[in-house]
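**Student:** If it helps, the file is called query28.cif and holds mmCIF, C-alpha atoms:
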data_upload
#
loop_
_atom_site.label_atom_id
_atom_site.label_comp_id
_atom_site.auth_asym_id
_atom_site.auth_seq_id
_atom_site.Cartn_x
_atom_site.Cartn_y
_atom_site.Cartn_z
CA MET A 2 -6.72 23.70 -3.99
CA ALA A 3 -8.67 24.79 -0.91
CA SER A 4 -8.58 28.44 -1.97
CA ASN A 5 -10.08 27.47 -5.35
CA LYS A 6 -12.98 25.76 -3.60
CA VAL A 7 -13.56 28.77 -1.36
CA SER A 8 -13.44 31.14 -4.33
CA PHE A 9 -15.85 28.97 -6.29
CA PHE A 10 -18.23 28.84 -3.32
CA LEU A 11 -18.15 32.64 -2.90
CA VAL A 12 -18.78 33.23 -6.60
CA LEU A 13 -21.63 30.73 -6.53
CA CYS A 14 -23.21 32.51 -3.55
CA LEU A 15 -22.93 35.88 -5.28
CA CYS A 16 -24.57 34.50 -8.42
CA ILE A 17 -27.47 33.08 -6.42
CA LEU A 18 -27.95 36.34 -4.53
CA SER A 19 -27.86 38.47 -7.66
CA ALA A 20 -30.33 36.16 -9.43
CA GLY A 21 -32.71 36.46 -6.49
CA GLU A 22 -32.93 40.23 -6.94
CA CYS A 23 -34.11 39.82 -10.53
CA ILE A 24 -37.07 37.61 -9.66
CA GLU A 25 -40.37 39.48 -9.78
CA SER A 26 -42.10 39.41 -6.44
CA PRO A 27 -45.72 40.41 -5.93
CA ILE A 28 -46.65 43.33 -3.72
CA PHE A 29 -49.40 42.35 -1.29
CA THR A 30 -51.54 45.43 -0.74
CA GLY A 31 -53.72 44.29 2.13
CA ASN A 32 -56.83 45.23 0.11
CA LYS A 33 -59.41 42.46 0.20
CA CYS A 34 -61.08 41.66 -3.13
CA SER A 35 -64.84 42.15 -3.12
CA ASP A 36 -65.67 38.99 -5.11
CA PRO A 37 -65.51 35.83 -2.92
CA THR A 38 -64.38 33.77 -5.95
CA GLY A 39 -61.35 36.00 -6.60
CA LEU A 40 -62.48 37.61 -9.84
CA ASP A 41 -61.62 41.28 -10.23
CA LYS A 42 -64.87 41.91 -12.17
CA ASP A 43 -65.04 45.63 -11.52
CA GLY A 44 -61.27 46.11 -11.97
CA LYS A 45 -60.76 47.75 -8.58
CA CYS A 46 -57.58 45.81 -7.86
CA LEU A 47 -56.09 46.59 -11.27
CA ASP A 48 -57.07 50.26 -10.94
CA TYR A 49 -55.56 50.44 -7.45
CA CYS A 50 -52.26 48.96 -8.64
CA HIS A 51 -52.12 51.32 -11.63
CA ALA A 52 -52.75 54.27 -9.29
CA GLN A 53 -49.82 53.11 -7.13
CA GLY A 54 -47.53 52.99 -10.18
CA TYR A 55 -47.47 49.23 -10.76
CA PRO A 56 -48.04 47.78 -14.24
CA GLY A 57 -50.74 45.35 -13.14
CA GLY A 58 -52.50 43.50 -10.39
CA SER A 59 -54.97 40.75 -9.64
CA CYS A 60 -56.78 38.96 -6.83
CA GLN A 61 -54.92 36.00 -5.35
CA GLY A 62 -55.72 33.67 -2.48
CA PHE A 63 -58.42 31.13 -1.73
CA THR A 64 -62.22 31.15 -1.38
CA ASP A 65 -63.44 34.15 0.66
CA HIS A 66 -59.83 35.21 1.33
CA TYR A 67 -58.68 36.86 -1.91
CA MET A 68 -56.35 39.85 -1.63
CA CYS A 69 -55.27 42.36 -4.24
CA VAL A 70 -51.69 41.69 -5.35
CA CYS A 71 -49.79 44.20 -7.50
CA LYS A 72 -47.26 42.95 -10.04
CA VAL A 73 -43.74 44.35 -10.31
CA GLY A 74 -42.18 44.58 -13.76
#
Show how you would write the structure in this file as structure tokens.
**Tutor:**
Amino acid sequence: MASNKVSFFLVLCLCILSAGECIESPIFTGNKCSDPTGLDKDGKCLDYCHAQGYPGGSCQGFTDHYMCVCKVG
């Protein structure tokens, strides 16, 4: 009975770890967005992310502290 619980626990851990790898995580570029409201009006963030090989990107953050974030997948 104890070995069944251990096996179940190990399988559960493996499932959680494998699911975590599939979650899309943003790539923070360190490039500050020029618009203080976070709008990528001129498309510089999107263009930067496309140039780096990512399918998209946008400005994320809070007032006066927006950073360009590239999307994976």
**Student:** Met68 in chain A: which residues within 6 Å, counting only C-alpha atoms, same-chain residues fewer than 6 positions away excluded, as a PDB file with C-alpha atoms, keeping the file's coordinate frame?
**Tutor:**
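The resulting selection09.pdb:
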ATOM      1  CA  ASN A  32     -56.830  45.230   0.110  1.00  0.00           C
ATOM      2  CA  LYS A  33     -59.410  42.460   0.200  1.00  0.00           C
ATOM      3  CA  CYS A  34     -61.080  41.660  -3.130  1.00  0.00           C
ATOM      4  CA  CYS A  60     -56.780  38.960  -6.830  1.00  0.00           C
ATOM      5  CA  GLN A  61     -54.920  36.000  -5.350  1.00  0.00           C
TER       6      GLN A  61
END
**Student:** So which residues touch range 36-49 of chain A within 6 Å, counting all atoms listed in the file, skipping near sequence neighbours fewer than 4 positions away, as a PDB file with C-alpha atoms, in the frame of the given file?
**Tutor:**
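Heads up, here's the output in selection.pdb:
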ATOM      1  CA  GLY A  57     -50.740  45.350 -13.140  1.00  0.00           C
ATOM      2  CA  GLY A  58     -52.500  43.500 -10.390  1.00  0.00           C
ATOM      3  CA  SER A  59     -54.970  40.750  -9.640  1.00  0.00           C
ATOM      4  CA  CYS A  60     -56.780  38.960  -6.830  1.00  0.00           C
ATOM      5  CA  THR A  64     -62.220  31.150  -1.380  1.00  0.00           C
ATOM      6  CA  ASP A  65     -63.440  34.150   0.660  1.00  0.00           C
ATOM      7  CA  TYR A  67     -58.680  36.860  -1.910  1.00  0.00           C
ATOM      8  CA  CYS A  69     -55.270  42.360  -4.240  1.00  0.00           C
TER       9      CYS A  69
END
**Student:** What is the distance, in Å and to one decimal place, between CA of Pro56 in chain A and CA of Ser35 in chain A?
**Tutor:**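 Interatomic distance, CA of Pro56 in chain A to CA of Ser35 in chain A: 20.9 Å.
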**Student:** Which centre and which edge lengths, in Å to one decimal, describe the axis-aligned box that holds all listed atoms of range 54-66 of chain A after 5 Å is added on each side, as JSON?
**Tutor:**
{"center_x": -55.5, "center_y": 42.1, "center_z": -6.5, "size_x": 26.0, "size_y": 31.9, "size_z": 25.6}
